[in-house]
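First up is the structure itself, then whatever we jot down about it.
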Protein chains: 2
Amino acid sequence: MADANANADPSGEGVISKKALKKQQKEAEKAAKKAERQAQKASEADVVEEDDYAKDRYGIPRMVQSHEKPDRKLVKVDTLTSALADQTVWIRARLHTSRGKGKQCFVVLRQQQFTIQGILNVNDTISKAMVKFTCGVSKESIVDVEGTVAVVGQKIESCTQQDVELRIQRFYVISQSLPRLPLQIEDASRPKGDEEEGGQAPTVNQDTRLDNRILDLRTPTNQAIFRLEGGVCQLFRDSLRKRDFVEIHTPKIISAASEGGANVFTVSYFKTNAFLAQSPQLYKQMAISADFNKVFTVGAVFRAEDSNTHRHLTEFVGLDLEMAFDYHYHEVLDVIGGMFNDIFRGLRDLFATEIATVNKQFPAEPFKFLDPPLRLEYLEGVKMLKEAGVEMGEEDDLSTPNEKLLGRLVRAKYDTDFYILDKYPLAVRPFYTMPDPTNPKYSNSYDMFMRGEEILSGAQRIHDPEYLSERAKHHEIDLETIKSYIDSFRFGAPPHGGGGIGMERVCMLYLGLDNIRKTSLFPRDPKRLTP
Amino acid sequence: MADANANADPSGEGVISKKALKKQQKEAEKAAKKAERQAQKASEADVVEEDDYAKDRYGIPRMVQSHEKPDRKLVKVDTLTSALADQTVWIRARLHTSRGKGKQCFVVLRQQQFTIQGILNVNDTISKAMVKFTCGVSKESIVDVEGTVAVVGQKIESCTQQDVELRIQRFYVISQSLPRLPLQIEDASRPKGDEEEGGQAPTVNQDTRLDNRILDLRTPTNQAIFRLEGGVCQLFRDSLRKRDFVEIHTPKIISAASEGGANVFTVSYFKTNAFLAQSPQLYKQMAISADFNKVFTVGAVFRAEDSNTHRHLTEFVGLDLEMAFDYHYHEVLDVIGGMFNDIFRGLRDLFATEIATVNKQFPAEPFKFLDPPLRLEYLEGVKMLKEAGVEMGEEDDLSTPNEKLLGRLVRAKYDTDFYILDKYPLAVRPFYTMPDPTNPKYSNSYDMFMRGEEILSGAQRIHDPEYLSERAKHHEIDLETIKSYIDSFRFGAPPHGGGGIGMERVCMLYLGLDNIRKTSLFPRDPKRLTP
């Protein structure tokens, strides 16, 4: 767990000193304790001023400890529209902002992606003390509010519920926030270079966000990103389940480094050492040898790569699949291509609100795809690159910049952000990749791309143990180290293929975001283990 | 990866010496190579005897390397019924058994849980050489077979397709198995004490099974178990998604031991050490503090417990959920109870074939549950145990034998295999458990049981940071070590609760199996890291 306040940056403009921070934090804690003491007093009715006619209408009730099961129904902020005009409702929400103005108090109440304005006026039932109390509650506190839904003359541009406001009658604090926040939700929600304050309004840098992830995740954008990411998993599974895939779970702790030994984390396992699986590759193939026919698995994969790029994490969620096929690995390509289209269609149709919310802060072109997906052969890709002036051999691997360039060329020519590149050069693929049956320089393997970045790598695998040994020898791999892998095909194995997908990458690239840390709930990289 | 042949036991009757094994294996490999050479010859048409009129009807064709996309459609074994009488079909299946008998060869072909009998007779189209070839193919090889569906006079008891057999016309080997298997699928599929051979027919012990998991998993029982287990995950998620839960993914590599430091695996993380998460507890609570409201996560959890029981693994799949509630943690209990009933109903209705298949080998009573689920208070449970003669205090924890006994008492009285035990003594629960609001000796916490074994532990959590600190102090926990946990509630946190479930346990107990290794695809325990 992280120190939620480490390197906190209240202004969002830079990192302040640890000492200053500690001081701030102490003050905050002191203030919180004071507030709590006051709260305790407030909740003891006799302490409230005798002459406060609103004394029962506000305050800090005792902690919700499951004392009772009241009938009171809480409604959701996103249901508050003019259809509910003049109705009195209860909501539980965060106090997003508050602003006192004479005998009035304006508040904005937030629930995940949704916000509504509330207003208190001193009158026969609302006392001055009540308005003062409401204005004094810390932002981010959770409050229970009773109010009447009122249609407003002019749209409230700053809230998602623009046609109505809440005339507040009761206001109770359920959980208090510290008064000083290490970052402001409004700053963390602001698009870069927003016109507010002439483009000078503060935003929050990435480390400050991640150091204070609990607060950062409360922004409408993050609420939308991770709801959509849940959708990616759901759509992946639903699409494969309807194609008769079986969900499996593969071990993360393994006895030998699964892909060669480089970039693998070591675990102390009782009196021996073990490793963290870099992919479920071998296990999903074993599941095929074990007659499961078509399998998928969603789970953590680990890469001990000491690289700090925008698209690498040391731990991410792998969406993996593997299937036996009848005659040709294009049967696998058809399934994976169809699955991606199911995901793209599903995201577009089911998560339109979330996409719009994210775009407000991080504008991006809508994601384009073709049905069926575009499939190019590797040599066609090389040809397009050469025509664009790139110098490369026909059996060279694609560099990351060339991948990106090819993505742009493909988009210009075919109007799609997703495509499949088939028939990679054999030399640039792992030893277990099935060579092309007619041209031994190429292979039955493929990558898939979203907005010019690789999101899936896959192939027909060699299912014949003798041929697999031969190919491993060709790659100068010590057969002893992969004996059990090869042996797993000795009791009959069907022809099969598959691929592995990075969940965070799919989500990042679908939304057109610039950093994979934006789509990992609590990201891990060589420099970050917390929170 | 395991050595697939280590401690192999071809007879299933005990472990043979390593030396003997090695010899066997060498022989097997030699035989395989010979078979392959023969195969290669066989596939070269001119080598086949000139006078074999069936020479195009059998053999070992070249490896499936995606040369072509033939129109030939393979049908599934479970679709072969009398409705297809006299039709000619192609199937791809494993050669389960074969038996020569004069000019005939009987084979059983297997596809996952399903089997069909095939027969070859020497005649005008089928040559003697073809029958001999078919009889000589190793069991477990994958074969492509063309045949005519024929209705049989007497039911074929030994196959799942009992009303028909396949009159084979073509027989090709797609992938050869080694002729000697470390275990026999038939032995591994046999119920203990089966009447076959007077109850003396061999079965396969657990270590042999797990050492040769790829073969073991091919039994109809294992095919059914893991299909049903996939269903447990699917039903868990579907049930929660329809209740507006969001799927999240929490990091497995963490910077501090999440639950105290005992039983935690250490990972080398670049220049520092890290740990494997023992549960997603803190992260799912952080997701609640971060406004996700209701979350679930399915993923690996790790316990470095050096205990070798029937129900402990060092790595298992956790089905975890956490939710904010309005007033009373029974809102959480209602959701979890309803979710379990969705799972039980779904398994019963969607996996009846799988349950029947498993029961054939491992008989068990059907799983009983009530709607809504039975909910007992802890003190009622203690009372039932006392009445049954158990001596225990009202605030003592339940021992494992007492849990089991209580399960039997509950089943006798209420006729259910699932129940919820609510309001555990505070002293036996973790520091973050919310105490009962009226009786400080008890708590807002619960366990849930299937067939008398605990499968979920959960509670209302303390969401107030000051109170949480107080409770931690009471438990003599150094506040510095849990500072970030406590701090995560300082910016407003709703009342919330949840629970964690072991997927393998749910599957094991639902099916009435006796060991959790039967429901883990590739189990991990202190003594097993492979395959």
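Residues in the structure tokens are numbered from 1 in each chain, the chains being A, B, ... in the order shown, and ligands are numbered from 1 in the order shown.
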
>> Could you go through stretch 193-417 of chain A and tell me which residues DSSP, when run on the backbone, assigns to strand (DSSP E or B), listing them as JSON, numbers by chain?
In response: {"A": [246, 247, 253, 254, 266, 267, 268, 269, 272, 273, 274, 275, 276, 294, 295, 296, 297, 298, 299, 300, 301, 302, 315, 316, 317, 318, 319, 320, 321, 322, 323, 324, 374, 375, 376, 377]}

How would the residues just chosen look if you wrote them out with N, CA, C and O atoms as a tab-separated table (two decimals), in the first residue's frame?
chain	number	residue	atom	x	y	z
A	246	VAL	N	-14.05	-22.56	-23.62
A	246	VAL	CA	-14.14	-22.86	-22.19
A	246	VAL	C	-13.19	-21.91	-21.45
A	246	VAL	O	-12.05	-21.72	-21.87
A	247	GLU	N	-13.66	-21.32	-20.36
A	247	GLU	CA	-12.79	-20.45	-19.56
A	247	GLU	C	-11.91	-21.31	-18.66
A	247	GLU	O	-12.39	-22.20	-17.96
A	253	ILE	N	2.43	-19.02	-10.66
A	253	ILE	CA	3.71	-19.45	-10.12
A	253	ILE	C	4.14	-20.70	-10.88
A	253	ILE	O	3.41	-21.70	-10.89
A	254	ILE	N	5.30	-20.63	-11.54
A	254	ILE	CA	5.75	-21.75	-12.36
A	254	ILE	C	7.18	-22.13	-11.99
A	254	ILE	O	7.91	-21.33	-11.40
A	266	THR	N	11.51	-13.61	-10.04
A	266	THR	CA	11.74	-14.79	-9.21
A	266	THR	C	10.96	-14.69	-7.91
A	266	THR	O	10.88	-13.62	-7.30
A	267	VAL	N	10.39	-15.82	-7.50
A	267	VAL	CA	9.62	-15.89	-6.25
A	267	VAL	C	10.29	-16.90	-5.33
A	267	VAL	O	10.72	-17.96	-5.78
A	268	SER	N	10.39	-16.57	-4.05
A	268	SER	CA	10.83	-17.57	-3.06
A	268	SER	C	9.66	-18.50	-2.79
A	268	SER	O	8.61	-18.06	-2.34
A	269	TYR	N	9.88	-19.79	-3.08
A	269	TYR	CA	8.78	-20.75	-2.92
A	269	TYR	C	9.22	-21.81	-1.91
A	269	TYR	O	9.87	-22.78	-2.28
A	272	THR	N	12.64	-23.50	-2.26
A	272	THR	CA	13.19	-23.39	-3.60
A	272	THR	C	12.81	-22.05	-4.22
A	272	THR	O	12.20	-21.20	-3.56
A	273	ASN	N	13.19	-21.85	-5.47
A	273	ASN	CA	12.78	-20.66	-6.19
A	273	ASN	C	11.78	-21.03	-7.28
A	273	ASN	O	11.84	-22.11	-7.84
A	274	ALA	N	10.91	-20.09	-7.57
A	274	ALA	CA	9.97	-20.28	-8.67
A	274	ALA	C	9.92	-18.97	-9.45
A	274	ALA	O	10.66	-18.03	-9.13
A	275	PHE	N	9.04	-18.92	-10.44
A	275	PHE	CA	8.99	-17.74	-11.30
A	275	PHE	C	7.53	-17.32	-11.51
A	275	PHE	O	6.62	-18.12	-11.33
A	276	LEU	N	7.36	-16.06	-11.90
A	276	LEU	CA	6.02	-15.59	-12.25
A	276	LEU	C	5.82	-15.73	-13.75
A	276	LEU	O	6.66	-15.28	-14.54
A	294	LYS	N	-11.22	-25.43	-27.26
A	294	LYS	CA	-11.11	-23.98	-27.41
A	294	LYS	C	-11.11	-23.40	-26.01
A	294	LYS	O	-12.05	-23.65	-25.24
A	295	VAL	N	-10.09	-22.66	-25.67
A	295	VAL	CA	-10.01	-22.12	-24.30
A	295	VAL	C	-9.65	-20.64	-24.32
A	295	VAL	O	-9.01	-20.15	-25.24
A	296	PHE	N	-10.11	-19.95	-23.27
A	296	PHE	CA	-9.61	-18.59	-23.04
A	296	PHE	C	-9.33	-18.41	-21.57
A	296	PHE	O	-9.82	-19.18	-20.73
A	297	THR	N	-8.50	-17.44	-21.26
A	297	THR	CA	-8.20	-17.14	-19.87
A	297	THR	C	-7.92	-15.66	-19.72
A	297	THR	O	-7.32	-15.04	-20.60
A	298	VAL	N	-8.40	-15.09	-18.63
A	298	VAL	CA	-8.17	-13.67	-18.32
A	298	VAL	C	-7.41	-13.64	-17.01
A	298	VAL	O	-7.88	-14.16	-16.02
A	299	GLY	N	-6.21	-13.07	-17.01
A	299	GLY	CA	-5.46	-13.06	-15.76
A	299	GLY	C	-4.18	-12.27	-15.83
A	299	GLY	O	-3.76	-11.83	-16.91
A	300	ALA	N	-3.56	-12.12	-14.66
A	300	ALA	CA	-2.35	-11.32	-14.55
A	300	ALA	C	-1.19	-12.01	-15.26
A	300	ALA	O	-1.01	-13.23	-15.14
A	301	VAL	N	-0.39	-11.24	-16.00
A	301	VAL	CA	0.88	-11.73	-16.54
A	301	VAL	C	1.96	-10.73	-16.13
A	301	VAL	O	1.68	-9.55	-15.89
A	302	PHE	N	3.17	-11.24	-16.04
A	302	PHE	CA	4.24	-10.49	-15.40
A	302	PHE	C	5.44	-10.38	-16.32
A	302	PHE	O	5.89	-11.40	-16.88
A	315	GLU	N	3.19	-5.61	-14.74
A	315	GLU	CA	2.08	-6.53	-14.49
A	315	GLU	C	0.88	-6.02	-15.27
A	315	GLU	O	0.53	-4.85	-15.14
A	316	PHE	N	0.30	-6.85	-16.08
A	316	PHE	CA	-0.91	-6.43	-16.79
A	316	PHE	C	-1.88	-7.59	-16.90
A	316	PHE	O	-1.59	-8.71	-16.46
A	317	VAL	N	-3.05	-7.30	-17.45
A	317	VAL	CA	-4.07	-8.34	-17.57
A	317	VAL	C	-4.04	-8.90	-18.99
A	317	VAL	O	-4.21	-8.15	-19.95
A	318	GLY	N	-3.78	-10.19	-19.10
A	318	GLY	CA	-3.76	-10.85	-20.40
A	318	GLY	C	-5.12	-11.44	-20.73
A	318	GLY	O	-5.74	-12.09	-19.90
A	319	LEU	N	-5.56	-11.16	-21.95
A	319	LEU	CA	-6.75	-11.83	-22.49
A	319	LEU	C	-6.20	-12.84	-23.50
A	319	LEU	O	-5.76	-12.45	-24.57
A	320	ASP	N	-6.17	-14.09	-23.12
A	320	ASP	CA	-5.53	-15.10	-23.95
A	320	ASP	C	-6.53	-16.11	-24.49
A	320	ASP	O	-7.47	-16.48	-23.79
A	321	LEU	N	-6.29	-16.58	-25.70
A	321	LEU	CA	-7.13	-17.64	-26.23
A	321	LEU	C	-6.29	-18.61	-27.06
A	321	LEU	O	-5.21	-18.26	-27.54
A	322	GLU	N	-6.79	-19.81	-27.16
A	322	GLU	CA	-6.11	-20.85	-27.94
A	322	GLU	C	-7.19	-21.81	-28.41
A	322	GLU	O	-8.13	-22.10	-27.68
A	323	MET	N	-7.07	-22.29	-29.64
A	323	MET	CA	-8.11	-23.21	-30.15
A	323	MET	C	-7.54	-24.24	-31.12
A	323	MET	O	-6.61	-23.95	-31.88
A	324	ALA	N	-8.08	-25.43	-31.04
A	324	ALA	CA	-7.80	-26.42	-32.07
A	324	ALA	C	-8.54	-25.98	-33.33
A	324	ALA	O	-9.62	-25.41	-33.26
A	374	LEU	N	-9.99	-5.87	-41.86
A	374	LEU	CA	-8.99	-5.86	-42.93
A	374	LEU	C	-7.86	-6.84	-42.59
A	374	LEU	O	-7.36	-6.86	-41.47
A	375	ARG	N	-7.47	-7.66	-43.58
A	375	ARG	CA	-6.36	-8.58	-43.39
A	375	ARG	C	-5.33	-8.34	-44.48
A	375	ARG	O	-5.63	-8.46	-45.66
A	376	LEU	N	-4.13	-7.98	-44.10
A	376	LEU	CA	-3.04	-7.76	-45.06
A	376	LEU	C	-1.97	-8.81	-44.83
A	376	LEU	O	-1.77	-9.27	-43.71
A	377	GLU	N	-1.25	-9.15	-45.91
A	377	GLU	CA	-0.08	-10.00	-45.71
A	377	GLU	C	1.13	-9.12	-45.40
A	377	GLU	O	1.21	-7.96	-45.82

Each residue of stretch 179-214 of chain A with at least one atom at most 12 Å from stretch 278-291 of chain B should appear once, together with its nearest atom pair and the corresponding distance in Å (one decimal); atoms considered: only C-alpha atoms; ordering: chain, then increasing residue number; output as CSV.
residue,atom,partner,partner_atom,distance
A:Ile185,CA,B:Ala290,CA,11.5
A:Asn212,CA,B:Ala290,CA,10.3
A:Arg213,CA,B:Ala290,CA,8.0
A:Ile214,CA,B:Ala290,CA,4.8

Please write the residues from the selection above to a file, keeping N, CA, C and O atoms, as a short mmCIF file (atom, residue, chain, number, x, y, z; two decimals), in the first residue's frame.
data_model
loop_
_atom_site.label_atom_id
_atom_site.label_comp_id
_atom_site.auth_asym_id
_atom_site.auth_seq_id
_atom_site.Cartn_x
_atom_site.Cartn_y
_atom_site.Cartn_z
N ILE A 185 -10.20 17.36 -7.52
CA ILE A 185 -10.89 16.57 -8.55
C ILE A 185 -11.12 17.43 -9.81
O ILE A 185 -10.97 16.96 -10.94
N ASN A 212 -1.89 9.48 -5.58
CA ASN A 212 -3.16 9.71 -4.89
C ASN A 212 -4.29 9.10 -5.71
O ASN A 212 -5.30 9.73 -6.00
N ARG A 213 -4.10 7.85 -6.07
CA ARG A 213 -4.96 7.21 -7.05
C ARG A 213 -6.43 7.19 -6.61
O ARG A 213 -7.34 7.31 -7.44
N ILE A 214 -6.67 7.04 -5.30
CA ILE A 214 -8.06 6.96 -4.84
C ILE A 214 -8.84 8.21 -5.21
O ILE A 214 -9.99 8.14 -5.63
#

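When only C-alpha atoms are used to measure the gap to chain A, the shortest distance among B:Gln104, B:Ser307, B:Gln87, B:Gln154 belongs to B:Ser307.
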
> Which polymer residues have any atom within 12 Å of an atom of stretch 359-369 of chain B, counting only C-alpha atoms, with same-chain residues fewer than 3 positions away left out, as a PyMOL selection string?
Replying inline: chain B and resi 186-194+203+219-222+224-225+337-338+340-345+347-348+352-356+372-375+410-412+414-420+449-452+506-515+518

>> With distances taken over only C-alpha atoms, which residue among B:Pro465, B:Pro179, B:Gly102, B:Gly153 lies nearest B:Ser138?
In response: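 Looking only at the distances to B:Ser138, the closest residue turns out to be B:Pro179.
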
Please provide as a PDB file with C-alpha atoms, in the first residue's frame all residues within 9 Å of B:Arg490, with the sequence filter that same-chain residues fewer than 6 positions apart are discarded (counting only C-alpha atoms).
ATOM      1  CA  ALA A  32     -10.169  16.490  10.916  1.00  0.00           C
ATOM      2  CA  SER A 175     -18.323  10.393   5.973  1.00  0.00           C
ATOM      3  CA  GLN A 176     -16.041  13.387   6.279  1.00  0.00           C
ATOM      4  CA  SER A 177     -13.082  14.080   4.075  1.00  0.00           C
ATOM      5  CA  LEU A 178      -9.941  15.775   5.307  1.00  0.00           C
TER       6      LEU A 178
ATOM      7  CA  HIS B 463     -14.949   3.002   6.964  1.00  0.00           C
ATOM      8  CA  ASP B 464     -14.090   5.582   9.609  1.00  0.00           C
ATOM      9  CA  PRO B 465     -10.305   6.120   9.785  1.00  0.00           C
ATOM     10  CA  GLU B 466     -10.232   7.147  13.458  1.00  0.00           C
TER      11      GLU B 466
END

> Please, what distance in Å, to one decimal, runs between atom CA of A:His496 and atom CA of B:Ile174?
Replying inline: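 Between these atoms lies a distance of 12.3 Å.
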
>> I'd like the contact shell of stretch 327-335 of chain A - 8 Å cut-off, only C-alpha atoms, skipping same-chain residues fewer than 3 positions apart - returned as a VMD selection string.
In response: (chain A and resid 323 338 to 339 444 459 to 460 495 to 498) or (chain B and resid 64 to 70)

>> Rounded to one decimal, what separation in Å do you get between atom CA of B:Ile119 and atom CA of B:Pro61?
In response: 21.2 Å

> What separation in Å, quoted to one decimal, exists between atom CA of A:Met384 and atom CA of A:Tyr446?
Replying inline: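 Taking atom CA of A:Met384 as the start and atom CA of A:Tyr446 as the end point, the length is 17.3 Å.
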
> Which residues come within 12 Å of B:Arg170, counting only C-alpha atoms, excluding same-chain residues fewer than 4 positions away, as a PyMOL selection string?
Replying inline: chain B and resi 54-60+88-92+118-121+125-127+130-131+133-134+143-148+166

Could you please take those selected residues and save C-alpha atoms as a CSV table (one decimal), in the first residue's frame?
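So again07.csv came out as:
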chain,number,residue,atom,x,y,z
B,54,ALA,CA,-7.8,-49.6,-50.1
B,55,LYS,CA,-4.5,-47.8,-50.2
B,56,ASP,CA,-6.1,-44.3,-50.6
B,57,ARG,CA,-8.5,-45.0,-47.7
B,58,TYR,CA,-6.0,-44.9,-44.7
B,59,GLY,CA,-2.6,-43.8,-43.6
B,60,ILE,CA,-0.8,-40.9,-42.0
B,88,THR,CA,-21.9,-40.6,-44.2
B,89,VAL,CA,-20.0,-38.2,-41.9
B,90,TRP,CA,-16.4,-37.1,-41.1
B,91,ILE,CA,-15.3,-36.8,-37.5
B,92,ARG,CA,-12.0,-35.9,-35.9
B,118,GLY,CA,-16.6,-47.7,-34.9
B,119,ILE,CA,-16.1,-50.9,-36.9
B,120,LEU,CA,-14.1,-52.0,-39.9
B,121,ASN,CA,-14.7,-55.2,-41.8
B,125,THR,CA,-13.3,-51.6,-50.3
B,126,ILE,CA,-11.7,-52.3,-46.9
B,127,SER,CA,-8.5,-54.3,-47.4
B,130,MET,CA,-6.2,-51.3,-43.8
B,131,VAL,CA,-7.7,-53.2,-40.9
B,133,PHE,CA,-3.1,-50.5,-40.0
B,134,THR,CA,-6.1,-49.3,-38.0
B,143,VAL,CA,-7.7,-39.5,-36.2
B,144,ASP,CA,-9.9,-38.3,-39.1
B,145,VAL,CA,-12.6,-40.9,-39.8
B,146,GLU,CA,-15.2,-41.2,-42.5
B,147,GLY,CA,-18.0,-43.5,-41.8
B,148,THR,CA,-21.7,-44.3,-42.2
B,166,LEU,CA,-19.9,-45.8,-37.3

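For stretch 43-135 of chain A, backbone-based DSSP assignment of helix (DSSP H, G or I) covers Ser43, Ala45, Asp46, Val47, Lys55, Asp56, Arg57, Val77, Asp78, Thr79, Ser82, Ala83, Leu84, Lys128, Ala129, Met130, Val131, Lys132, Phe133, Thr134 and Cys135 of chain A.
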
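For the set A:Tyr172, A:Phe114, A:Phe292, A:Tyr424, the residue with the smallest atom-to-atom gap to chain B is A:Phe292, counting only C-alpha atoms.
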
> Quick one: residues within 10 Å of A:Arg528, only C-alpha atoms counted, chain neighbours fewer than 3 positions away excluded, as a ChimeraX atom specification?
Replying inline: /A:2,207,210-211,313-314,522-525,531 /B:254-255

Pull all heavy atoms from the residues just selected and write them as an mmCIF file, in the first residue's frame.
data_model
loop_
_atom_site.group_PDB
_atom_site.id
_atom_site.type_symbol
_atom_site.label_atom_id
_atom_site.label_comp_id
_atom_site.auth_asym_id
_atom_site.auth_seq_id
_atom_site.Cartn_x
_atom_site.Cartn_y
_atom_site.Cartn_z
ATOM 1 N N ALA A 2 0.377 2.292 -0.642
ATOM 2 C CA ALA A 2 1.144 3.519 -0.775
ATOM 3 C C ALA A 2 0.859 4.450 0.371
ATOM 4 O O ALA A 2 -0.155 4.344 1.035
ATOM 5 C CB ALA A 2 0.736 4.234 -2.041
ATOM 6 N N ASP A 207 2.340 11.534 -11.954
ATOM 7 C CA ASP A 207 2.805 10.924 -10.707
ATOM 8 C C ASP A 207 1.940 11.340 -9.526
ATOM 9 O O ASP A 207 1.639 10.517 -8.647
ATOM 10 C CB ASP A 207 4.278 11.275 -10.449
ATOM 11 C CG ASP A 207 5.195 10.289 -11.169
ATOM 12 O OD1 ASP A 207 4.766 9.142 -11.389
ATOM 13 O OD2 ASP A 207 6.327 10.670 -11.525
ATOM 14 N N LEU A 210 -1.148 9.287 -9.688
ATOM 15 C CA LEU A 210 -0.999 7.880 -9.305
ATOM 16 C C LEU A 210 -0.669 7.740 -7.825
ATOM 17 O O LEU A 210 -1.072 6.777 -7.181
ATOM 18 C CB LEU A 210 0.059 7.201 -10.179
ATOM 19 C CG LEU A 210 -0.303 7.109 -11.673
ATOM 20 C CD1 LEU A 210 0.820 6.438 -12.458
ATOM 21 C CD2 LEU A 210 -1.614 6.357 -11.890
ATOM 22 N N ASP A 211 0.068 8.714 -7.276
ATOM 23 C CA ASP A 211 0.352 8.680 -5.838
ATOM 24 C C ASP A 211 -0.932 8.806 -5.026
ATOM 25 O O ASP A 211 -1.015 8.308 -3.907
ATOM 26 C CB ASP A 211 1.305 9.800 -5.460
ATOM 27 C CG ASP A 211 2.719 9.554 -5.958
ATOM 28 O OD1 ASP A 211 3.043 8.373 -6.223
ATOM 29 O OD2 ASP A 211 3.485 10.522 -6.085
ATOM 30 N N LEU A 313 3.952 -2.264 -18.914
ATOM 31 C CA LEU A 313 3.750 -2.404 -17.476
ATOM 32 C C LEU A 313 4.472 -3.680 -17.048
ATOM 33 O O LEU A 313 4.704 -4.572 -17.868
ATOM 34 C CB LEU A 313 2.253 -2.541 -17.156
ATOM 35 C CG LEU A 313 1.352 -1.334 -17.450
ATOM 36 C CD1 LEU A 313 -0.113 -1.738 -17.325
ATOM 37 C CD2 LEU A 313 1.660 -0.196 -16.476
ATOM 38 N N THR A 314 4.840 -3.782 -15.789
ATOM 39 C CA THR A 314 5.467 -5.020 -15.317
ATOM 40 C C THR A 314 4.417 -6.074 -14.960
ATOM 41 O O THR A 314 4.718 -7.250 -14.847
ATOM 42 C CB THR A 314 6.351 -4.761 -14.088
ATOM 43 O OG1 THR A 314 5.574 -4.030 -13.129
ATOM 44 C CG2 THR A 314 7.577 -3.946 -14.469
ATOM 45 N N PHE A 522 -4.296 0.223 -10.747
ATOM 46 C CA PHE A 522 -3.160 0.520 -9.869
ATOM 47 C C PHE A 522 -1.908 0.041 -10.596
ATOM 48 O O PHE A 522 -1.453 -1.085 -10.379
ATOM 49 C CB PHE A 522 -3.331 -0.181 -8.520
ATOM 50 C CG PHE A 522 -4.513 0.294 -7.733
ATOM 51 C CD1 PHE A 522 -5.695 -0.435 -7.708
ATOM 52 C CD2 PHE A 522 -4.465 1.492 -7.022
ATOM 53 C CE1 PHE A 522 -6.807 0.001 -6.993
ATOM 54 C CE2 PHE A 522 -5.568 1.940 -6.298
ATOM 55 C CZ PHE A 522 -6.737 1.198 -6.288
ATOM 56 N N PRO A 523 -1.366 0.872 -11.505
ATOM 57 C CA PRO A 523 -0.298 0.389 -12.400
ATOM 58 C C PRO A 523 0.990 0.021 -11.683
ATOM 59 O O PRO A 523 1.317 0.567 -10.629
ATOM 60 C CB PRO A 523 -0.075 1.564 -13.361
ATOM 61 C CG PRO A 523 -0.670 2.752 -12.702
ATOM 62 C CD PRO A 523 -1.747 2.264 -11.785
ATOM 63 N N ARG A 524 1.710 -0.927 -12.288
ATOM 64 C CA ARG A 524 3.008 -1.397 -11.818
ATOM 65 C C ARG A 524 4.020 -1.193 -12.931
ATOM 66 O O ARG A 524 3.817 -1.675 -14.057
ATOM 67 C CB ARG A 524 2.943 -2.897 -11.501
ATOM 68 C CG ARG A 524 2.061 -3.250 -10.327
ATOM 69 C CD ARG A 524 2.684 -2.775 -9.042
ATOM 70 N NE ARG A 524 1.861 -3.046 -7.875
ATOM 71 C CZ ARG A 524 1.092 -2.130 -7.279
ATOM 72 N NH1 ARG A 524 1.015 -0.901 -7.757
ATOM 73 N NH2 ARG A 524 0.417 -2.436 -6.196
ATOM 74 N N ASP A 525 5.098 -0.494 -12.627
ATOM 75 C CA ASP A 525 6.204 -0.396 -13.565
ATOM 76 C C ASP A 525 7.488 -0.461 -12.751
ATOM 77 O O ASP A 525 7.432 -0.583 -11.521
ATOM 78 C CB ASP A 525 6.078 0.865 -14.445
ATOM 79 C CG ASP A 525 6.183 2.163 -13.659
ATOM 80 O OD1 ASP A 525 6.941 2.204 -12.657
ATOM 81 O OD2 ASP A 525 5.539 3.149 -14.034
ATOM 82 N N PRO A 531 0.291 2.973 -5.119
ATOM 83 C CA PRO A 531 -0.418 2.249 -4.064
ATOM 84 C C PRO A 531 -0.827 0.860 -4.574
ATOM 85 O O PRO A 531 -0.748 0.605 -5.738
ATOM 86 C CB PRO A 531 -1.646 3.118 -3.815
ATOM 87 C CG PRO A 531 -1.870 3.838 -5.106
ATOM 88 C CD PRO A 531 -0.537 4.012 -5.740
ATOM 89 N N ILE B 254 2.654 -6.536 -4.758
ATOM 90 C CA ILE B 254 2.392 -5.415 -3.870
ATOM 91 C C ILE B 254 3.632 -5.122 -3.032
ATOM 92 O O ILE B 254 4.512 -5.968 -2.888
ATOM 93 C CB ILE B 254 1.169 -5.689 -2.963
ATOM 94 C CG1 ILE B 254 1.360 -6.985 -2.172
ATOM 95 C CG2 ILE B 254 -0.093 -5.784 -3.806
ATOM 96 C CD1 ILE B 254 0.248 -7.262 -1.194
ATOM 97 N N SER B 255 3.683 -3.900 -2.491
ATOM 98 C CA SER B 255 4.910 -3.467 -1.827
ATOM 99 C C SER B 255 4.982 -3.894 -0.372
ATOM 100 O O SER B 255 6.046 -3.938 0.216
ATOM 101 C CB SER B 255 5.035 -1.950 -1.916
ATOM 102 O OG SER B 255 3.961 -1.355 -1.232
#

> Which of these, B:Leu405, B:Leu215, B:Val137, B:Val152, has the shortest distance to chain A once you count only C-alpha atoms?
Replying inline: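 Of the candidates, the smallest distance to chain A is held by B:Leu215.
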